[in-house]
Amino acid sequence: MMLRHNRSNKSNRTDTGVIELENVAYSYGGGELLSDITVKLAPGSFHFLTGPSGAGKTTFLKLCYGALLPTAGHVRVFGADVRTLERDQVALMRRKVGVVHQDVQFLDHLSVADNVALPLTVSGRHDEVAGPDLGELMTWVGLTDRATGLPPELSGGERQRAALARAVIMSPDVVLADEPTGNVDWDMSQRLLQLLIELNRMGKTVLLATHDLSLIRAAKAQVQARVLRISNRRVQLAGADL
Amino acid sequence: MIIGIRSIPALLKGDRQADRVVPPSGFTAQLTLFTSAAMAFLAVFALALSLASGRLAARWGEELAQTATIRIVAPLDQRAMQTAAALRVLETTPGVAEARALTDAEQQALLAPWFGQDLPLDTLPVPRLIEITSETEGFAPIGLRLRLTAEVPGAILDDHGRWRAPLLAAAQRLRLLGWGAAVLILAAVAAMVTLAANAALAANAQVIRVLRLVGATDSYIAQAFVRRFTWRAFAGSVAGVVIGLLAVWLMPTGGDGPGFLTGIGFEGAGWLVPLLLPFISGAIALVATAYAAGRALRTIS
């Protein structure tokens with residue numbers, strides 16, 4: 001499976017984090033939302049990001065893939081400071097970072113399968129679109145019978161799974177997921193969590209933002225996960241009591 | 001600029017996959033086609049006007065600059081003598097290629113439209129006309145006039161310059177206006193395409209955000225738009241030029257009459273000039289869309 005051949009890449013860089021935030025602050029017009037954040041996501045690690053609504057989880061994730069630039073400090077993705085990246089370099093970086101948004105957006109005029117394969121299409125790898133990997137991936141997320149449908153026809157859970165499939169089709173090194181279980185029932189959130197845990201076992205670095213503590217507890221039994229908690233504009237490594 | 005020179009061949013060849021990522025647009029596409037066709041149609045007429053007035057200016061300039069007339073106004077008994085004297089002066093005037101007195105029959109033909117065929121020229125003090133054809137460099141009218149005053153008192157030199165100059169200026173101005181109109185029309189194409197591209201980019205902001213999220217480069221996204229608008233401007237322009245050329249071709253011609261209105265149109269290689277319009281429109285659309293896309297994309301991380 002395409003998702004497999006990553007662990008070998010990972011062993012090349014041991015001490016540097018895949019994503020590193022150093023004294024990062026971010027302020028919107030009103031005031032500082034995040035301040036003095038220093039976090040390092042090691043290769044192959046599994047992190048939860050938690051905190052109350054509006055604490056800045058989404059902002060934190062956006063800082064991690066260059067959708068927002070920090071107002072202070074440095075964010076390094078694969079060793080490169082996002083502030084110094086050209087727009088094309090940002091595009092290339094995003095091919096190695098799979099992102100699942102809370103409100104997933106698709107190209108509504110293309111089929112679900114085409115949407116999942118979109119990262120391949122835009123990076124000029126058309127020939128792989130028709131390859132076996134896409135079918136395998138659709139099976140993995142359980143959307144085989146939805147492949148030819150259009151995204152607006154999907155349910156909330158199906159949208160999240162399609163987004164996850166789209167996020168990992170390029171075999172990225174990192175998967176960032178923002179409340180992927182926000183709009184789905186418990187069973188579905190378990191399924192999504194299982195998919196993310198599987199990805200992590202294949203060597204992907206996973207950062208999963210959620211305010212659902214029971215999801216975190218469920219995960220802790222299966223994977224060695226760290227919990228980052230945002231409170232008072234700062235990120236702390238939560239204790240083992242969760 | 002987002003679209004480099006090197007990407008133009010790929011742009012024209014097309015990328016079916018890249019085209020598909022931007023949703024098809026029906027109505028606005030037709031508007032772009034229509035406007036581009038209408039502009040090309042107008043541009044054909046502007047070009048016809050400039051080329052025709054250019055031709056007219058050139059013809060007037062050439063023909064009139066190389067001819068002049070001398071009138072010998074003298075009593076009947078002195079007319080032949082003065083004519084001969086004037087011809088002698090002309091023979092020794094530098095720049096005069098040929099000088100020839102018109103015959104009675106020729107003068108009669110000239111006057112016939114006004115006085116009829118039966119005019120008794122030999123009994124009337126009609127001035128004798130001498131037709132001068134100058135060499136390409138021409139002669140100095142002032143010097144010739146001075147010599148004529150001294151030697152042939154009844155000679156009046158008319159070098160056509162007095163009435164030629166304003167006509168020539170008018171024709172040249174008209175040509176300038178025609179080119180100006182063509183340039184304005186092409187500028188309007190650029191403005192129209194920019195507006196249409198901006199509208200398309202704004203309508204597809206979500207598509208662009210998704211494409212950026214999954215790692216599409218700006219040039220990839222821009223190309224999908226640029227290709228569309230370039231093609232629409234080109235195709236619309238082809239239609240407009242074809243219709244415009246047909247219209248010009250079907251315009252009534254004035255035969256050998258000297259009319260200006262009936263002379264509007266293309267001649268010879270001039271017919272090829274409007275064929276450049278679709279390529280110019282396409283190039284303008286390419287640059288305008290690339291510029292609009294570049295600006296729109298910068299607002300989306």
# chains A, B, ... in the order shown; residues from 1 in each chain; ligands from 1

$ select_by_dssp --residues "stretch 42-219 of chain B" --states "helix (DSSP H, G or I)" --output "ChimeraX atom specification"
/B:42-65,76-91,104-115,121-123,141-151,161-203,205-213,218-219

$ closest_atom_pairs --of "chain B" --to "chain A" --cutoff "7 Å" --atoms "only C-alpha atoms" --output "JSON lines"
{"residue": "B:Gln17", "atom": "CA", "partner": "A:Thr121", "partner_atom": "CA", "distance": 6.9}
{"residue": "B:Pro23", "atom": "CA", "partner": "A:His109", "partner_atom": "CA", "distance": 6.2}
{"residue": "B:Val207", "atom": "CA", "partner": "A:Leu107", "partner_atom": "CA", "distance": 6.0}
{"residue": "B:Val210", "atom": "CA", "partner": "A:Gln105", "partner_atom": "CA", "distance": 6.5}
{"residue": "B:Arg212", "atom": "CA", "partner": "A:Ala91", "partner_atom": "CA", "distance": 6.6}
{"residue": "B:Leu213", "atom": "CA", "partner": "A:Arg94", "partner_atom": "CA", "distance": 6.8}
{"residue": "B:Val214", "atom": "CA", "partner": "A:Pro119", "partner_atom": "CA", "distance": 5.2}
{"residue": "B:Gly215", "atom": "CA", "partner": "A:Ala91", "partner_atom": "CA", "distance": 4.3}
{"residue": "B:Ala216", "atom": "CA", "partner": "A:Val122", "partner_atom": "CA", "distance": 5.2}
{"residue": "B:Thr217", "atom": "CA", "partner": "A:Asp88", "partner_atom": "CA", "distance": 5.4}
{"residue": "B:Asp218", "atom": "CA", "partner": "A:Asp88", "partner_atom": "CA", "distance": 6.9}
{"residue": "B:Ser301", "atom": "CA", "partner": "A:Ala67", "partner_atom": "CA", "distance": 5.3}

$ residues_around --residues "A:Asp36" --least-positions-apart "2" --cutoff "6 Å" --atoms "only C-alpha atoms" --output "PyMOL selection string"
chain A and resi 23-25

$ residues_around --residues "A:Ser53" --least-positions-apart "3" --cutoff "12 Å" --atoms "only C-alpha atoms" --output "PyMOL selection string"
chain A and resi 49-50+56-59+179+182+209-212+229-231

$ write_last_selection --atoms "all heavy atoms" --output "compact mmCIF listing (two decimals), in the first residue's frame"
# COMPACT_ATOMS: atom_id res chain seq x y z
N LEU A 49 -4.40 17.81 20.18
CA LEU A 49 -4.40 19.23 20.53
C LEU A 49 -5.78 19.52 21.06
O LEU A 49 -6.79 19.31 20.38
CB LEU A 49 -4.12 20.09 19.29
CG LEU A 49 -4.12 21.61 19.51
CD1 LEU A 49 -2.96 22.04 20.38
CD2 LEU A 49 -4.06 22.32 18.16
N THR A 50 -5.84 19.97 22.30
CA THR A 50 -7.15 20.15 22.89
C THR A 50 -7.24 21.50 23.58
O THR A 50 -6.24 22.23 23.70
CB THR A 50 -7.47 18.99 23.86
OG1 THR A 50 -8.82 19.10 24.29
CG2 THR A 50 -6.54 19.02 25.07
N GLY A 56 -7.97 28.54 20.04
CA GLY A 56 -6.94 28.73 19.02
C GLY A 56 -6.42 27.44 18.43
O GLY A 56 -5.34 27.42 17.84
N LYS A 57 -7.22 26.36 18.52
CA LYS A 57 -6.76 25.08 17.96
C LYS A 57 -6.61 25.19 16.44
O LYS A 57 -5.59 24.78 15.88
CB LYS A 57 -7.78 23.96 18.30
CG LYS A 57 -7.91 23.66 19.78
CD LYS A 57 -8.66 22.37 20.01
CE LYS A 57 -10.14 22.46 19.68
NZ LYS A 57 -10.90 23.34 20.60
N THR A 58 -7.64 25.75 15.81
CA THR A 58 -7.58 25.88 14.35
C THR A 58 -6.43 26.79 13.93
O THR A 58 -5.70 26.49 12.98
CB THR A 58 -8.92 26.41 13.83
OG1 THR A 58 -9.95 25.52 14.24
CG2 THR A 58 -8.91 26.51 12.32
N THR A 59 -6.26 27.88 14.68
CA THR A 59 -5.15 28.80 14.39
C THR A 59 -3.82 28.08 14.50
O THR A 59 -2.93 28.21 13.64
CB THR A 59 -5.19 29.99 15.36
OG1 THR A 59 -6.46 30.63 15.23
CG2 THR A 59 -4.09 30.98 15.06
N GLU A 179 -10.65 18.78 14.35
CA GLU A 179 -11.97 18.29 14.76
C GLU A 179 -12.60 17.39 13.71
O GLU A 179 -13.72 17.64 13.28
CB GLU A 179 -12.92 19.48 15.03
CG GLU A 179 -12.45 20.42 16.11
CD GLU A 179 -12.87 20.02 17.51
OE1 GLU A 179 -13.38 18.88 17.66
OE2 GLU A 179 -12.67 20.82 18.44
N GLY A 182 -15.93 16.18 14.72
CA GLY A 182 -16.84 17.18 15.26
C GLY A 182 -18.30 16.98 14.90
O GLY A 182 -19.19 17.19 15.71
N ALA A 209 -6.61 17.78 16.37
CA ALA A 209 -7.24 18.76 17.26
C ALA A 209 -8.65 18.29 17.59
O ALA A 209 -9.41 17.95 16.69
CB ALA A 209 -7.29 20.13 16.59
N THR A 210 -8.95 18.24 18.87
CA THR A 210 -10.31 17.85 19.26
C THR A 210 -10.60 18.39 20.65
O THR A 210 -9.68 18.62 21.45
CB THR A 210 -10.47 16.31 19.25
OG1 THR A 210 -11.80 15.99 19.64
CG2 THR A 210 -9.50 15.65 20.23
N HIS A 211 -11.86 18.64 20.92
CA HIS A 211 -12.21 19.03 22.28
C HIS A 211 -12.87 17.85 23.00
O HIS A 211 -13.30 17.96 24.13
CB HIS A 211 -13.16 20.24 22.27
CG HIS A 211 -14.48 19.93 21.63
ND1 HIS A 211 -14.67 20.04 20.27
CD2 HIS A 211 -15.64 19.51 22.16
CE1 HIS A 211 -15.92 19.70 19.99
NE2 HIS A 211 -16.52 19.37 21.11
N ASP A 212 -12.88 16.68 22.31
CA ASP A 212 -13.57 15.50 22.82
C ASP A 212 -12.59 14.66 23.65
O ASP A 212 -11.77 13.93 23.11
CB ASP A 212 -14.10 14.70 21.61
CG ASP A 212 -15.00 13.56 22.05
OD1 ASP A 212 -15.05 13.28 23.28
OD2 ASP A 212 -15.64 12.97 21.18
N ARG A 229 -2.36 20.94 25.36
CA ARG A 229 -3.57 21.64 25.74
C ARG A 229 -3.34 23.15 25.63
O ARG A 229 -2.34 23.69 26.12
CB ARG A 229 -3.96 21.29 27.19
CG ARG A 229 -5.35 21.79 27.56
CD ARG A 229 -5.43 22.11 29.03
NE ARG A 229 -5.14 20.94 29.86
CZ ARG A 229 -6.08 20.05 30.20
NH1 ARG A 229 -7.32 20.19 29.79
NH2 ARG A 229 -5.76 19.03 30.96
N ILE A 230 -4.26 23.80 24.95
CA ILE A 230 -4.17 25.26 24.86
C ILE A 230 -5.00 25.87 25.98
O ILE A 230 -6.20 25.58 26.10
CB ILE A 230 -4.71 25.79 23.51
CG1 ILE A 230 -3.97 25.13 22.34
CG2 ILE A 230 -4.57 27.31 23.43
CD1 ILE A 230 -4.41 25.64 20.99
N SER A 231 -4.35 26.64 26.83
CA SER A 231 -5.12 27.41 27.79
C SER A 231 -4.34 28.67 28.10
O SER A 231 -3.10 28.67 28.13
CB SER A 231 -5.37 26.60 29.06
OG SER A 231 -4.17 26.38 29.74

$ select_by_dssp --residues "stretch 17-190 of chain B" --states "strand (DSSP E)" --output "mmCIF file with N, CA, C and O atoms, in the first residue's frame"
data_model
loop_
_atom_site.group_PDB
_atom_site.id
_atom_site.type_symbol
_atom_site.label_atom_id
_atom_site.label_comp_id
_atom_site.auth_asym_id
_atom_site.auth_seq_id
_atom_site.Cartn_x
_atom_site.Cartn_y
_atom_site.Cartn_z
ATOM 1 N N THR B 67 2.641 66.934 -59.508
ATOM 2 C CA THR B 67 2.071 67.673 -60.633
ATOM 3 C C THR B 67 1.822 69.113 -60.206
ATOM 4 O O THR B 67 1.634 69.411 -59.036
ATOM 5 N N ALA B 68 1.841 69.971 -61.193
ATOM 6 C CA ALA B 68 1.515 71.379 -60.978
ATOM 7 C C ALA B 68 0.947 71.900 -62.295
ATOM 8 O O ALA B 68 1.046 71.237 -63.328
ATOM 9 N N THR B 69 0.367 73.047 -62.232
ATOM 10 C CA THR B 69 -0.242 73.602 -63.434
ATOM 11 C C THR B 69 0.179 75.064 -63.573
ATOM 12 O O THR B 69 0.321 75.765 -62.578
ATOM 13 N N ILE B 70 0.394 75.442 -64.818
ATOM 14 C CA ILE B 70 0.591 76.877 -65.062
ATOM 15 C C ILE B 70 -0.538 77.346 -65.969
ATOM 16 O O ILE B 70 -0.860 76.705 -66.970
ATOM 17 N N ARG B 71 -1.148 78.436 -65.568
ATOM 18 C CA ARG B 71 -2.171 79.055 -66.402
ATOM 19 C C ARG B 71 -1.550 80.249 -67.106
ATOM 20 O O ARG B 71 -0.879 81.065 -66.459
ATOM 21 N N ILE B 72 -1.765 80.331 -68.413
ATOM 22 C CA ILE B 72 -1.281 81.516 -69.138
ATOM 23 C C ILE B 72 -2.503 82.374 -69.420
ATOM 24 O O ILE B 72 -3.344 82.037 -70.263
ATOM 25 N N VAL B 96 11.946 69.697 -62.948
ATOM 26 C CA VAL B 96 10.776 69.505 -63.799
ATOM 27 C C VAL B 96 11.073 68.379 -64.783
ATOM 28 O O VAL B 96 12.020 68.447 -65.548
ATOM 29 N N ALA B 97 10.258 67.331 -64.705
ATOM 30 C CA ALA B 97 10.516 66.179 -65.568
ATOM 31 C C ALA B 97 9.897 66.402 -66.936
ATOM 32 O O ALA B 97 10.488 66.067 -67.963
ATOM 33 N N GLU B 98 8.740 66.976 -66.931
ATOM 34 C CA GLU B 98 8.036 67.114 -68.198
ATOM 35 C C GLU B 98 7.092 68.299 -68.103
ATOM 36 O O GLU B 98 6.463 68.518 -67.056
ATOM 37 N N ALA B 99 7.005 69.072 -69.155
ATOM 38 C CA ALA B 99 6.037 70.171 -69.199
ATOM 39 C C ALA B 99 5.366 70.140 -70.568
ATOM 40 O O ALA B 99 6.020 69.943 -71.589
ATOM 41 N N ARG B 100 4.075 70.313 -70.537
ATOM 42 C CA ARG B 100 3.347 70.121 -71.794
ATOM 43 C C ARG B 100 2.119 71.031 -71.787
ATOM 44 O O ARG B 100 1.370 71.068 -70.792
ATOM 45 N N ALA B 101 1.965 71.762 -72.831
ATOM 46 C CA ALA B 101 0.767 72.600 -72.953
ATOM 47 C C ALA B 101 -0.403 71.726 -73.392
ATOM 48 O O ALA B 101 -0.242 70.851 -74.239
ATOM 49 N N ARG B 128 -4.467 79.258 -71.279
ATOM 50 C CA ARG B 128 -3.828 78.018 -71.734
ATOM 51 C C ARG B 128 -3.257 77.330 -70.499
ATOM 52 O O ARG B 128 -2.708 77.975 -69.612
ATOM 53 N N LEU B 129 -3.421 76.054 -70.460
ATOM 54 C CA LEU B 129 -2.912 75.309 -69.296
ATOM 55 C C LEU B 129 -1.648 74.556 -69.680
ATOM 56 O O LEU B 129 -1.579 73.961 -70.753
ATOM 57 N N ILE B 130 -0.678 74.623 -68.779
ATOM 58 C CA ILE B 130 0.532 73.822 -68.973
ATOM 59 C C ILE B 130 0.626 72.836 -67.807
ATOM 60 O O ILE B 130 0.547 73.235 -66.644
ATOM 61 N N GLU B 131 0.737 71.602 -68.172
ATOM 62 C CA GLU B 131 0.799 70.573 -67.125
ATOM 63 C C GLU B 131 2.258 70.255 -66.839
ATOM 64 O O GLU B 131 3.020 69.964 -67.756
ATOM 65 N N ILE B 132 2.612 70.321 -65.572
ATOM 66 C CA ILE B 132 4.006 70.057 -65.199
ATOM 67 C C ILE B 132 4.064 68.774 -64.390
ATOM 68 O O ILE B 132 3.324 68.606 -63.423
ATOM 69 N N THR B 133 4.927 67.883 -64.808
ATOM 70 C CA THR B 133 5.196 66.715 -63.977
ATOM 71 C C THR B 133 6.605 66.871 -63.449
ATOM 72 O O THR B 133 7.540 67.046 -64.221
ATOM 73 N N SER B 134 6.711 66.845 -62.127
ATOM 74 C CA SER B 134 8.039 67.086 -61.578
ATOM 75 C C SER B 134 8.747 65.771 -61.334
ATOM 76 O O SER B 134 8.136 64.707 -61.304
ATOM 77 N N ALA B 155 1.769 84.296 -66.678
ATOM 78 C CA ALA B 155 1.769 82.915 -66.152
ATOM 79 C C ALA B 155 1.452 82.888 -64.657
ATOM 80 O O ALA B 155 1.965 83.698 -63.893
ATOM 81 N N ILE B 156 0.576 82.020 -64.302
ATOM 82 C CA ILE B 156 0.263 81.834 -62.872
ATOM 83 C C ILE B 156 0.523 80.376 -62.531
ATOM 84 O O ILE B 156 -0.069 79.470 -63.117
ATOM 85 N N LEU B 157 1.437 80.188 -61.578
ATOM 86 C CA LEU B 157 1.793 78.816 -61.195
ATOM 87 C C LEU B 157 0.890 78.344 -60.054
ATOM 88 O O LEU B 157 0.724 79.046 -59.053
ATOM 89 N N ASP B 158 0.326 77.197 -60.266
ATOM 90 C CA ASP B 158 -0.482 76.593 -59.185
ATOM 91 C C ASP B 158 0.143 75.242 -58.871
ATOM 92 O O ASP B 158 0.051 74.306 -59.655
#

$ closest_atom_pairs --of "stretch 197-282 of chain B" --to "stretch 45-50 of chain B" --cutoff "7 Å" --atoms "only C-alpha atoms" --output "tab-separated table"
residue	atom	partner	partner_atom	distance
B:Ile264	CA	B:Leu49	CA	5.8
B:Gly265	CA	B:Ala48	CA	4.8
B:Phe266	CA	B:Ala48	CA	5.9

$ residues_around --residues "A:Val227" --least-positions-apart "6" --cutoff "6 Å" --atoms "only C-alpha atoms" --output "list in words"
His47, Phe48, Leu49, Leu237 and Ala238 of chain A

$ write_last_selection --atoms "all heavy atoms" --output "PDB file, in the first residue's frame"
ATOM      1  N   HIS A  47       0.045  13.364  18.305  1.00  0.00           N
ATOM      2  CA  HIS A  47      -0.313  14.408  19.259  1.00  0.00           C
ATOM      3  C   HIS A  47      -1.790  14.723  19.174  1.00  0.00           C
ATOM      4  O   HIS A  47      -2.347  14.805  18.078  1.00  0.00           O
ATOM      5  CB  HIS A  47       0.462  15.700  18.979  1.00  0.00           C
ATOM      6  CG  HIS A  47       1.874  15.663  19.460  1.00  0.00           C
ATOM      7  ND1 HIS A  47       2.899  15.176  18.687  1.00  0.00           N
ATOM      8  CD2 HIS A  47       2.433  16.043  20.631  1.00  0.00           C
ATOM      9  CE1 HIS A  47       4.031  15.273  19.364  1.00  0.00           C
ATOM     10  NE2 HIS A  47       3.776  15.784  20.553  1.00  0.00           N
ATOM     11  N   PHE A  48      -2.376  14.918  20.335  1.00  0.00           N
ATOM     12  CA  PHE A  48      -3.704  15.529  20.375  1.00  0.00           C
ATOM     13  C   PHE A  48      -3.516  17.001  20.708  1.00  0.00           C
ATOM     14  O   PHE A  48      -2.587  17.379  21.437  1.00  0.00           O
ATOM     15  CB  PHE A  48      -4.572  14.887  21.467  1.00  0.00           C
ATOM     16  CG  PHE A  48      -5.145  13.568  21.057  1.00  0.00           C
ATOM     17  CD1 PHE A  48      -4.591  12.374  21.525  1.00  0.00           C
ATOM     18  CD2 PHE A  48      -6.235  13.516  20.208  1.00  0.00           C
ATOM     19  CE1 PHE A  48      -5.120  11.166  21.150  1.00  0.00           C
ATOM     20  CE2 PHE A  48      -6.775  12.296  19.835  1.00  0.00           C
ATOM     21  CZ  PHE A  48      -6.221  11.111  20.302  1.00  0.00           C
ATOM     22  N   LEU A  49      -4.404  17.814  20.176  1.00  0.00           N
ATOM     23  CA  LEU A  49      -4.397  19.229  20.526  1.00  0.00           C
ATOM     24  C   LEU A  49      -5.783  19.519  21.063  1.00  0.00           C
ATOM     25  O   LEU A  49      -6.789  19.305  20.376  1.00  0.00           O
ATOM     26  CB  LEU A  49      -4.120  20.090  19.288  1.00  0.00           C
ATOM     27  CG  LEU A  49      -4.123  21.608  19.509  1.00  0.00           C
ATOM     28  CD1 LEU A  49      -2.957  22.040  20.379  1.00  0.00           C
ATOM     29  CD2 LEU A  49      -4.059  22.321  18.161  1.00  0.00           C
ATOM     30  N   LEU A 237       2.012  20.729  27.677  1.00  0.00           N
ATOM     31  CA  LEU A 237       1.908  19.282  27.547  1.00  0.00           C
ATOM     32  C   LEU A 237       1.098  18.794  28.740  1.00  0.00           C
ATOM     33  O   LEU A 237       1.492  18.977  29.883  1.00  0.00           O
ATOM     34  CB  LEU A 237       3.319  18.683  27.549  1.00  0.00           C
ATOM     35  CG  LEU A 237       3.448  17.285  26.947  1.00  0.00           C
ATOM     36  CD1 LEU A 237       2.952  17.265  25.512  1.00  0.00           C
ATOM     37  CD2 LEU A 237       4.896  16.838  27.026  1.00  0.00           C
ATOM     38  N   ALA A 238      -0.083  18.208  28.428  1.00  0.00           N
ATOM     39  CA  ALA A 238      -0.962  17.805  29.520  1.00  0.00           C
ATOM     40  C   ALA A 238      -0.391  16.580  30.220  1.00  0.00           C
ATOM     41  O   ALA A 238       0.363  15.805  29.632  1.00  0.00           O
ATOM     42  CB  ALA A 238      -2.345  17.501  28.976  1.00  0.00           C
TER      43      ALA A 238
END

$ residues_around --residues "stretch 164-170 of chain B" --least-positions-apart "5" --cutoff "10 Å" --atoms "only C-alpha atoms" --output "VMD selection string"
chain B and resid 53 to 54 56 to 61 64 to 65 159 175 to 176

$ write_last_selection --atoms "C-alpha atoms" --output "PDB file, in the first residue's frame"
ATOM      1  CA  SER B  53      -7.103  57.027 -45.197  1.00  0.00           C
ATOM      2  CA  GLY B  54      -3.483  56.030 -45.173  1.00  0.00           C
ATOM      3  CA  LEU B  56      -5.629  58.165 -49.652  1.00  0.00           C
ATOM      4  CA  ALA B  57      -3.034  60.322 -47.957  1.00  0.00           C
ATOM      5  CA  ALA B  58      -0.259  58.522 -49.765  1.00  0.00           C
ATOM      6  CA  ARG B  59      -1.998  58.815 -53.121  1.00  0.00           C
ATOM      7  CA  TRP B  60      -2.821  62.468 -52.729  1.00  0.00           C
ATOM      8  CA  GLY B  61       0.615  63.147 -51.469  1.00  0.00           C
ATOM      9  CA  LEU B  64      -0.427  65.981 -56.257  1.00  0.00           C
ATOM     10  CA  ALA B  65       3.098  66.580 -55.161  1.00  0.00           C
ATOM     11  CA  ASP B 159       1.536  73.895 -57.421  1.00  0.00           C
ATOM     12  CA  ARG B 175      -5.542  57.479 -40.189  1.00  0.00           C
ATOM     13  CA  LEU B 176      -4.256  58.359 -36.738  1.00  0.00           C
TER      14      LEU B 176
END

$ decode --residues "stretch 192-198 of chain A" --atoms "all heavy atoms" --output "mmCIF file, in the first residue's frame"
data_model
loop_
_atom_site.group_PDB
_atom_site.id
_atom_site.type_symbol
_atom_site.label_atom_id
_atom_site.label_comp_id
_atom_site.auth_asym_id
_atom_site.auth_seq_id
_atom_site.Cartn_x
_atom_site.Cartn_y
_atom_site.Cartn_z
ATOM 1 N N LEU A 192 -12.847 6.982 12.429
ATOM 2 C CA LEU A 192 -11.863 7.976 11.963
ATOM 3 C C LEU A 192 -10.596 7.905 12.804
ATOM 4 O O LEU A 192 -9.482 7.970 12.278
ATOM 5 C CB LEU A 192 -12.466 9.389 12.034
ATOM 6 C CG LEU A 192 -13.391 9.731 10.878
ATOM 7 C CD1 LEU A 192 -14.257 10.933 11.222
ATOM 8 C CD2 LEU A 192 -12.580 10.004 9.615
ATOM 9 N N LEU A 193 -10.785 7.741 14.097
ATOM 10 C CA LEU A 193 -9.626 7.639 14.986
ATOM 11 C C LEU A 193 -8.773 6.426 14.621
ATOM 12 O O LEU A 193 -7.545 6.498 14.575
ATOM 13 C CB LEU A 193 -10.099 7.543 16.443
ATOM 14 C CG LEU A 193 -8.986 7.453 17.484
ATOM 15 C CD1 LEU A 193 -8.152 8.726 17.490
ATOM 16 C CD2 LEU A 193 -9.568 7.192 18.867
ATOM 17 N N GLN A 194 -9.475 5.293 14.343
ATOM 18 C CA GLN A 194 -8.744 4.089 13.935
ATOM 19 C C GLN A 194 -7.899 4.348 12.691
ATOM 20 O O GLN A 194 -6.743 3.921 12.605
ATOM 21 C CB GLN A 194 -9.730 2.931 13.650
ATOM 22 C CG GLN A 194 -10.351 2.329 14.887
ATOM 23 C CD GLN A 194 -9.313 2.006 15.955
ATOM 24 O OE1 GLN A 194 -8.260 1.445 15.667
ATOM 25 N NE2 GLN A 194 -9.601 2.396 17.193
ATOM 26 N N LEU A 195 -8.498 5.064 11.735
ATOM 27 C CA LEU A 195 -7.759 5.371 10.501
ATOM 28 C C LEU A 195 -6.513 6.193 10.811
ATOM 29 O O LEU A 195 -5.425 5.941 10.274
ATOM 30 C CB LEU A 195 -8.660 6.128 9.521
ATOM 31 C CG LEU A 195 -9.844 5.343 8.946
ATOM 32 C CD1 LEU A 195 -10.720 6.254 8.095
ATOM 33 C CD2 LEU A 195 -9.343 4.178 8.097
ATOM 34 N N LEU A 196 -6.673 7.176 11.697
ATOM 35 C CA LEU A 196 -5.519 8.029 12.043
ATOM 36 C C LEU A 196 -4.452 7.230 12.789
ATOM 37 O O LEU A 196 -3.247 7.419 12.567
ATOM 38 C CB LEU A 196 -5.978 9.224 12.886
ATOM 39 C CG LEU A 196 -6.745 10.292 12.087
ATOM 40 C CD1 LEU A 196 -7.485 11.252 13.002
ATOM 41 C CD2 LEU A 196 -5.782 11.050 11.178
ATOM 42 N N ILE A 197 -4.911 6.313 13.682
ATOM 43 C CA ILE A 197 -3.945 5.493 14.411
ATOM 44 C C ILE A 197 -3.184 4.589 13.450
ATOM 45 O O ILE A 197 -1.961 4.421 13.530
ATOM 46 C CB ILE A 197 -4.663 4.678 15.510
ATOM 47 C CG1 ILE A 197 -5.131 5.630 16.618
ATOM 48 C CG2 ILE A 197 -3.751 3.601 16.088
ATOM 49 C CD1 ILE A 197 -6.023 4.981 17.653
ATOM 50 N N GLU A 198 -3.912 4.049 12.470
ATOM 51 C CA GLU A 198 -3.249 3.211 11.457
ATOM 52 C C GLU A 198 -2.199 4.008 10.703
ATOM 53 O O GLU A 198 -1.088 3.517 10.438
ATOM 54 C CB GLU A 198 -4.276 2.678 10.455
ATOM 55 C CG GLU A 198 -4.943 1.395 10.880
ATOM 56 C CD GLU A 198 -5.921 0.923 9.815
ATOM 57 O OE1 GLU A 198 -5.504 0.788 8.646
ATOM 58 O OE2 GLU A 198 -7.103 0.716 10.150
#
